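Written out below as structure tokens is the structure these notes cover.
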Amino acid sequence: MKPFTFPLALFAWVRLALALPQASSTTNSAAVIGSNDAAVAAGKLYFGSATDNPYLDEDPTYKSILSNFSLFGQLSPENAMKWDATEPEQGVFTFTNGDQIVALAQANGQIMRGHNTVWASQLPSWVTDSNFDNATLIEVMQNHVSTVIGHYEGQIMRGDAWDVVNEPFNEDGTLAADVFLDTIGPGYIELALLAARAADPNAKLYINDFNIEGSGAKATAMENLISDFKSRGIPIDGVGLESHFILGEVPTTLQAQMEAYTALGVEVAVTELDIRMTLPSTDALLAQQQTDYQTVVGACTAVADCVGITYSWVPGTFAGMGAADPWDENFAMKPAFDGVIAGFSS
Ligand SMILES: *[C@@H]1O[C@H](CO)[C@@H](O)[C@H](O)[C@H]1NC(C)=O
Ligand SMILES: *[C@@H]1O[C@H](CO)[C@@H](O)[C@H](O)[C@H]1NC(C)=O
């Protein structure tokens, strides 16, 4: 699974076409409390949303809902801070899109999660195809991490976090082969974290991955990595649980797995939550989705060091599946929204 890699521009237009004509008439008047208000009342730092620049530029309804602090206390950039967006050519950094999202978050009083600095995907070919030797790639990676995180250091507020390394594991718990593992070896992860800490001593440094939300080989591998880092003083503050779930399949071990991570001395966050169903949606599926959202949000609510929840979406990634979010294409709240509120109240 490759979260956040669908053709965004295309989706933005589909979304616009669907959303604009009816956007003002579809708000669910039954909702009396916002999702972020509910999160804060439950002692969490935020309920937040992923976002991307095309939506902000093209869709004022979307932007105004995203800016509602009662609903969203945090933003994650889907693409704006990834390597291909920030350092498309070696040593040439562009922060325009990321800066736009940070400025919006600041204007709204929202926390930022930086996403991400080291990942096998959305890497420019100059990184993958230059046959850098070990020492050179370490330098390239450290320079990327420190320049990007350093750029945003101090611009952001309490609770900010960075996904420093994204999706390092295979399903069986081994480290995934990519240019960093192949050239530098397993030490690339700690070298990236050390560079991140030097660039921003106050940011919470995360490793983010999927299919680590319930017990299994991949979750155990993440626990082992965190334990190892903690025992050796490598800076690691959090585990990001992407949480791209399938309807009716939220892991029964979710809360226990969150507790297993936090017992190691790190916080956790639900970083890319969506719960997809086989289309078309029905009332029964929407009711199950409400239950599932409540389960996920309730697990985070029950775990003191689960700091917040960011929701995402899966429009084009899975054939025939979708409708994964608490809002529909017309920005109307779905039963899932009530599940979110109920989860924070549990
Ligand atoms: C923000 O969202 C809350 C919760 O849905 C709603 O009550 C409020 O009217 C919204 N504020 C604005 C300015 O739209
Ligand atoms: C790359 O260099 C680092 C730092 O010197 C070293 O720890 C690591 O083992 C090297 N990796 C490989 C694959 O030789």
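A note on labels: chains of the structure tokens are A, B, ... as shown, every chain counts residues from 1, and ligands are counted from 1 in their shown order.
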- So which residues touch region 50-63 of chain A within 6 Å, counting only C-alpha atoms, skipping near sequence neighbours fewer than 6 positions away, as a PyMOL selection string? chain A and resi 75-78+312
- Task: Just the residues within 8 Å of Phe245 (chain A), please, counting only C-alpha atoms, with nothing from its chain fewer than 2 positions along; format it as a VMD selection string.
- Result: chain A and resid 243 247 249 to 250 273 to 276
Produce a file of the selected residues containing all heavy atoms, as an mmCIF file, in the first residue's frame.
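Ended up saving to selection.cif:
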data_model
loop_
_atom_site.group_PDB
_atom_site.id
_atom_site.type_symbol
_atom_site.label_atom_id
_atom_site.label_comp_id
_atom_site.auth_asym_id
_atom_site.auth_seq_id
_atom_site.Cartn_x
_atom_site.Cartn_y
_atom_site.Cartn_z
ATOM 1 N N SER A 243 -2.993 3.613 9.992
ATOM 2 C CA SER A 243 -4.402 3.262 10.215
ATOM 3 C C SER A 243 -5.287 3.425 8.979
ATOM 4 O O SER A 243 -6.363 4.018 9.023
ATOM 5 C CB SER A 243 -4.977 4.058 11.410
ATOM 6 O OG SER A 243 -4.163 3.911 12.548
ATOM 7 N N LEU A 247 -13.270 -1.585 6.361
ATOM 8 C CA LEU A 247 -14.498 -1.665 7.156
ATOM 9 C C LEU A 247 -14.637 -3.022 7.836
ATOM 10 O O LEU A 247 -14.477 -4.071 7.197
ATOM 11 C CB LEU A 247 -15.698 -1.449 6.231
ATOM 12 C CG LEU A 247 -17.023 -1.173 6.942
ATOM 13 C CD1 LEU A 247 -17.151 0.305 7.215
ATOM 14 C CD2 LEU A 247 -18.193 -1.650 6.104
ATOM 15 N N GLU A 249 -12.685 -4.367 9.895
ATOM 16 C CA GLU A 249 -11.415 -5.066 10.129
ATOM 17 C C GLU A 249 -10.435 -4.256 10.975
ATOM 18 O O GLU A 249 -9.226 -4.411 10.856
ATOM 19 C CB GLU A 249 -10.771 -5.441 8.791
ATOM 20 C CG GLU A 249 -11.599 -6.437 8.003
ATOM 21 C CD GLU A 249 -10.942 -6.858 6.690
ATOM 22 O OE1 GLU A 249 -9.711 -6.687 6.543
ATOM 23 O OE2 GLU A 249 -11.673 -7.335 5.808
ATOM 24 N N VAL A 250 -10.967 -3.364 11.808
ATOM 25 C CA VAL A 250 -10.072 -2.681 12.747
ATOM 26 C C VAL A 250 -9.446 -3.741 13.649
ATOM 27 O O VAL A 250 -10.167 -4.592 14.189
ATOM 28 C CB VAL A 250 -10.857 -1.653 13.591
ATOM 29 C CG1 VAL A 250 -9.970 -1.048 14.671
ATOM 30 C CG2 VAL A 250 -11.438 -0.562 12.691
ATOM 31 N N LEU A 273 -5.705 8.130 9.344
ATOM 32 C CA LEU A 273 -6.878 7.262 9.523
ATOM 33 C C LEU A 273 -7.893 7.382 8.379
ATOM 34 O O LEU A 273 -8.336 8.473 8.026
ATOM 35 C CB LEU A 273 -7.571 7.633 10.846
ATOM 36 C CG LEU A 273 -8.890 6.912 11.143
ATOM 37 C CD1 LEU A 273 -8.683 5.412 11.282
ATOM 38 C CD2 LEU A 273 -9.523 7.477 12.422
ATOM 39 N N ASP A 274 -8.250 6.259 7.824
ATOM 40 C CA ASP A 274 -9.423 6.152 6.956
ATOM 41 C C ASP A 274 -9.915 4.715 7.032
ATOM 42 O O ASP A 274 -9.158 3.797 7.342
ATOM 43 C CB ASP A 274 -9.152 6.581 5.499
ATOM 44 C CG ASP A 274 -7.824 6.102 4.975
ATOM 45 O OD1 ASP A 274 -7.520 4.909 5.135
ATOM 46 O OD2 ASP A 274 -7.085 6.912 4.397
ATOM 47 N N ILE A 275 -11.197 4.528 6.810
ATOM 48 C CA ILE A 275 -11.815 3.201 6.932
ATOM 49 C C ILE A 275 -12.660 2.993 5.686
ATOM 50 O O ILE A 275 -13.761 3.523 5.563
ATOM 51 C CB ILE A 275 -12.646 3.095 8.229
ATOM 52 C CG1 ILE A 275 -11.757 3.399 9.458
ATOM 53 C CG2 ILE A 275 -13.269 1.696 8.332
ATOM 54 C CD1 ILE A 275 -12.478 3.431 10.789
ATOM 55 N N ARG A 276 -12.105 2.232 4.759
ATOM 56 C CA ARG A 276 -12.713 2.146 3.438
ATOM 57 C C ARG A 276 -13.695 0.988 3.342
ATOM 58 O O ARG A 276 -13.545 -0.032 4.016
ATOM 59 C CB ARG A 276 -11.629 2.030 2.360
ATOM 60 C CG ARG A 276 -10.773 0.777 2.460
ATOM 61 C CD ARG A 276 -9.562 0.899 1.530
ATOM 62 N NE ARG A 276 -8.755 -0.308 1.475
ATOM 63 C CZ ARG A 276 -7.739 -0.566 2.302
ATOM 64 N NH1 ARG A 276 -7.425 0.260 3.267
ATOM 65 N NH2 ARG A 276 -7.040 -1.690 2.160
#
- Query: Running DSSP on the backbone, which parts of region 88-177 of chain A land in strand (DSSP E or B), as an NGL selection string?
  - Reply: :A and (89 or 92 or 111-118 or 161-166 or 169 or 175)
Taking only C-alpha atoms and all ligand atoms into account, produce a table as a Markdown table in which each residue of chain A with an atom at most 8 Å from an atom of ligand 1 appears once, together with its shortest atom pair and the distance in Å to one decimal, ordered by chain and rising number.
| residue | atom | partner | partner_atom_place_in_ligand_line | distance |
| --- | --- | --- | --- | --- |
| A:Ala31 | CA | ligand 1 | 5 (O) | 5.8 |
| A:Val32 | CA | ligand 1 | 7 (O) | 5.8 |
| A:Ile33 | CA | ligand 1 | 4 (C) | 5.1 |
| A:Gly34 | CA | ligand 1 | 4 (C) | 4.0 |
| A:Ser35 | CA | ligand 1 | 4 (C) | 7.3 |
| A:Ser64 | CA | ligand 1 | 14 (O) | 7.2 |
| A:Ile65 | CA | ligand 1 | 14 (O) | 6.6 |
| A:Asn68 | CA | ligand 1 | 1 (C) | 4.9 |
| A:Phe69 | CA | ligand 1 | 1 (C) | 6.9 |
| A:Ser70 | CA | ligand 1 | 2 (O) | 5.2 |
| A:Leu71 | CA | ligand 1 | 2 (O) | 5.5 |
Would you write out those residues with C-alpha atoms, as a JSON list (two decimals), in the first residue's frame?
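That gives us result.json:
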[["chain", "number", "residue", "atom", "x", "y", "z"],
["A", 31, "ALA", "CA", -23.58, 17.76, 15.02],
["A", 32, "VAL", "CA", -23.19, 20.12, 17.96],
["A", 33, "ILE", "CA", -19.56, 19.59, 18.90],
["A", 34, "GLY", "CA", -16.51, 19.64, 16.66],
["A", 35, "SER", "CA", -14.10, 16.73, 16.37],
["A", 64, "SER", "CA", -12.94, 27.05, 5.31],
["A", 65, "ILE", "CA", -13.95, 23.70, 6.81],
["A", 68, "ASN", "CA", -12.39, 25.40, 11.54],
["A", 69, "PHE", "CA", -10.47, 24.80, 14.77],
["A", 70, "SER", "CA", -13.50, 23.19, 16.38],
["A", 71, "LEU", "CA", -13.16, 20.47, 13.75]]
- Message: Could you check the closest approach to Lys334 (chain A) for each of A:Ala304, A:Ile309, A:Gly150, A:Tyr293 and tell me which residue wins, using only C-alpha atoms?
- Response: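 Residue with the minimum atom-to-atom distance to Lys334 (chain A): A:Tyr293.
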- Item | Contact residues around Ile138 (chain A) with only C-alpha atoms at 8 Å, ignoring same-chain residues under 6 positions, as a ChimeraX atom specification | /A:184,188,191
Next, the residues of the selection above should be written as a short mmCIF file (atom, residue, chain, number, x, y, z; two decimals), in the first residue's frame with N, CA and C atoms.
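That gives us out-v8.cif:
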data_model
loop_
_atom_site.label_atom_id
_atom_site.label_comp_id
_atom_site.auth_asym_id
_atom_site.auth_seq_id
_atom_site.Cartn_x
_atom_site.Cartn_y
_atom_site.Cartn_z
N ILE A 184 23.39 2.27 2.83
CA ILE A 184 23.89 2.67 4.15
C ILE A 184 23.80 1.51 5.14
N TYR A 188 20.76 3.61 8.66
CA TYR A 188 20.23 4.85 8.07
C TYR A 188 19.14 5.46 8.94
N LEU A 191 20.67 7.39 11.83
CA LEU A 191 21.37 8.57 11.30
C LEU A 191 20.36 9.66 10.93
#
- Message: as a count of residues only, please: every residue in region 20-193 of chain A that DSSP puts in helix (DSSP H, G or I).
- Response: 78
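If you measure from each of A:Phe210, A:Phe337, A:Trp327, A:Tyr261 to Glu223 (chain A) using only C-alpha atoms, the closest one turns out to be A:Tyr261.
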- Message: Let me see if you get this right: every residue at most 7 Å from ligand 2, counting only C-alpha atoms and all ligand atoms, written as a VMD selection string.
- Response: chain A and resid 134 to 135 182 to 185 187
Using the selection just defined, write its residues with N, CA and C atoms as a compact mmCIF listing (two decimals), in the first residue's frame.
# COMPACT_ATOMS: atom_id res chain seq x y z
N ASN A 134 28.28 4.85 0.15
CA ASN A 134 27.72 4.95 1.50
C ASN A 134 27.95 6.35 2.10
N ALA A 135 29.18 6.78 2.11
CA ALA A 135 29.48 8.06 2.78
C ALA A 135 28.72 9.21 2.10
N ASP A 182 19.95 -0.32 1.26
CA ASP A 182 20.91 -1.03 0.41
C ASP A 182 22.29 -0.39 0.46
N THR A 183 22.35 0.92 0.59
CA THR A 183 23.64 1.62 0.52
C THR A 183 24.24 1.86 1.90
N ILE A 184 23.39 2.27 2.83
CA ILE A 184 23.89 2.67 4.15
C ILE A 184 23.80 1.51 5.14
N GLY A 185 22.80 0.65 4.95
CA GLY A 185 22.53 -0.40 5.93
C GLY A 185 21.50 0.06 6.92
N GLY A 187 21.58 1.20 9.72
CA GLY A 187 21.91 2.42 10.47
C GLY A 187 21.34 3.69 9.87
- Between A:Gly173, A:Gly322, A:Gly73, A:Pro251, which one has atoms that come closest to Asn224 (chain A), using only C-alpha atoms? A:Gly173
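From CA of Glu329 (chain A) back to CA of Ser345 (chain A), the distance works out to 26.4 Å.
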- Item | Pairwise distance for CA of Ala287 (chain A) and CA of Ala39 (chain A), rounded to one decimal in Å |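 Between CA of Ala287 (chain A) and CA of Ala39 (chain A) the gap is 21.5 Å.
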- Nearest-residue call for Asp338 (chain A), choices A:Ala161, A:Ala38, A:Thr282, A:Ala217, using only C-alpha atoms: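 Result for the nearest residue to Asp338 (chain A): A:Ala38.
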- Task: Considering only C-alpha atoms, return as number ranges by chain whatever protein or nucleic-acid residues lie within 10 Å of region 116-118 of chain A, sequence-local ones (same chain, fewer than 2 positions apart) excluded.
- Result: A: 76-83, 86, 113-114, 120-123, 141-142, 144-149, 162-168, 180, 188-189, 192-193, 196, 206-208
- Query: At what distance in Å, to one decimal, does CA of Ala221 (chain A) lie from CA of Gly233 (chain A)?
  - Reply: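 The value is 18.2 Å.
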- Can you pull out every residue within 10 Å of Asp305 (chain A), counting only C-alpha atoms, but drop anything in the same chain fewer than 6 positions away, and send it as JSON, numbers by chain? {"A": [43, 44, 238, 258, 259, 261, 262, 263, 265, 266, 267, 268, 269]}
Just C-alpha atoms for this one: save the residues we selected as a PDB file, in the first residue's frame.
ATOM      1  CA  GLY A  43      -7.151  15.303  26.870  1.00  0.00           C
ATOM      2  CA  LYS A  44      -5.690  14.812  23.387  1.00  0.00           C
ATOM      3  CA  GLY A 238       6.793   8.505  18.692  1.00  0.00           C
ATOM      4  CA  MET A 258      -0.751   1.231  21.330  1.00  0.00           C
ATOM      5  CA  GLU A 259      -0.031   0.383  24.977  1.00  0.00           C
ATOM      6  CA  TYR A 261       4.481   1.045  22.143  1.00  0.00           C
ATOM      7  CA  THR A 262       3.843   3.617  24.862  1.00  0.00           C
ATOM      8  CA  ALA A 263       5.234   1.185  27.473  1.00  0.00           C
ATOM      9  CA  GLY A 265       8.581   5.318  26.480  1.00  0.00           C
ATOM     10  CA  VAL A 266       7.291   6.788  23.212  1.00  0.00           C
ATOM     11  CA  GLU A 267       4.010   8.422  22.332  1.00  0.00           C
ATOM     12  CA  VAL A 268       1.762   7.201  19.533  1.00  0.00           C
ATOM     13  CA  ALA A 269      -0.448   9.045  17.077  1.00  0.00           C
TER      14      ALA A 269
END
Contact residues around Asp160 (chain A) with only C-alpha atoms at 9 Å, ignoring same-chain residues under 5 positions, as a CSV table (one decimal) with N, CA, C and O atoms, in the first residue's frame:
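Below is the file that was written, result.csv:
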chain,number,residue,atom,x,y,z
A,74,GLN,N,-5.1,20.3,13.8
A,74,GLN,CA,-3.8,19.9,13.3
A,74,GLN,C,-3.9,19.6,11.8
A,74,GLN,O,-4.9,19.2,11.3
A,111,ILE,N,-1.7,22.8,15.1
A,111,ILE,CA,-0.4,22.0,15.2
A,111,ILE,C,-0.1,21.5,13.8
A,111,ILE,O,-1.0,21.1,13.0
A,112,MET,N,1.2,21.3,13.5
A,112,MET,CA,1.6,20.7,12.3
A,112,MET,C,2.3,19.3,12.6
A,112,MET,O,3.0,19.2,13.6
A,113,ARG,N,2.0,18.4,11.7
A,113,ARG,CA,2.8,17.2,11.7
A,113,ARG,C,3.6,17.2,10.4
A,113,ARG,O,3.0,17.3,9.3
A,114,GLY,N,4.9,17.3,10.4
A,114,GLY,CA,5.8,17.3,9.2
A,114,GLY,C,5.8,15.8,8.7
A,114,GLY,O,5.9,14.9,9.4
A,202,ASN,N,13.2,20.4,19.5
A,202,ASN,CA,11.9,20.4,20.2
A,202,ASN,C,10.9,19.5,19.5
A,202,ASN,O,9.9,19.2,20.1
A,203,ALA,N,11.1,19.2,18.2
A,203,ALA,CA,10.1,18.5,17.5
A,203,ALA,C,10.0,17.0,18.0
A,203,ALA,O,11.0,16.5,18.5
A,204,LYS,N,8.8,16.5,18.0
A,204,LYS,CA,8.7,15.0,18.3
A,204,LYS,C,9.0,14.3,17.1
A,204,LYS,O,8.5,14.5,16.0
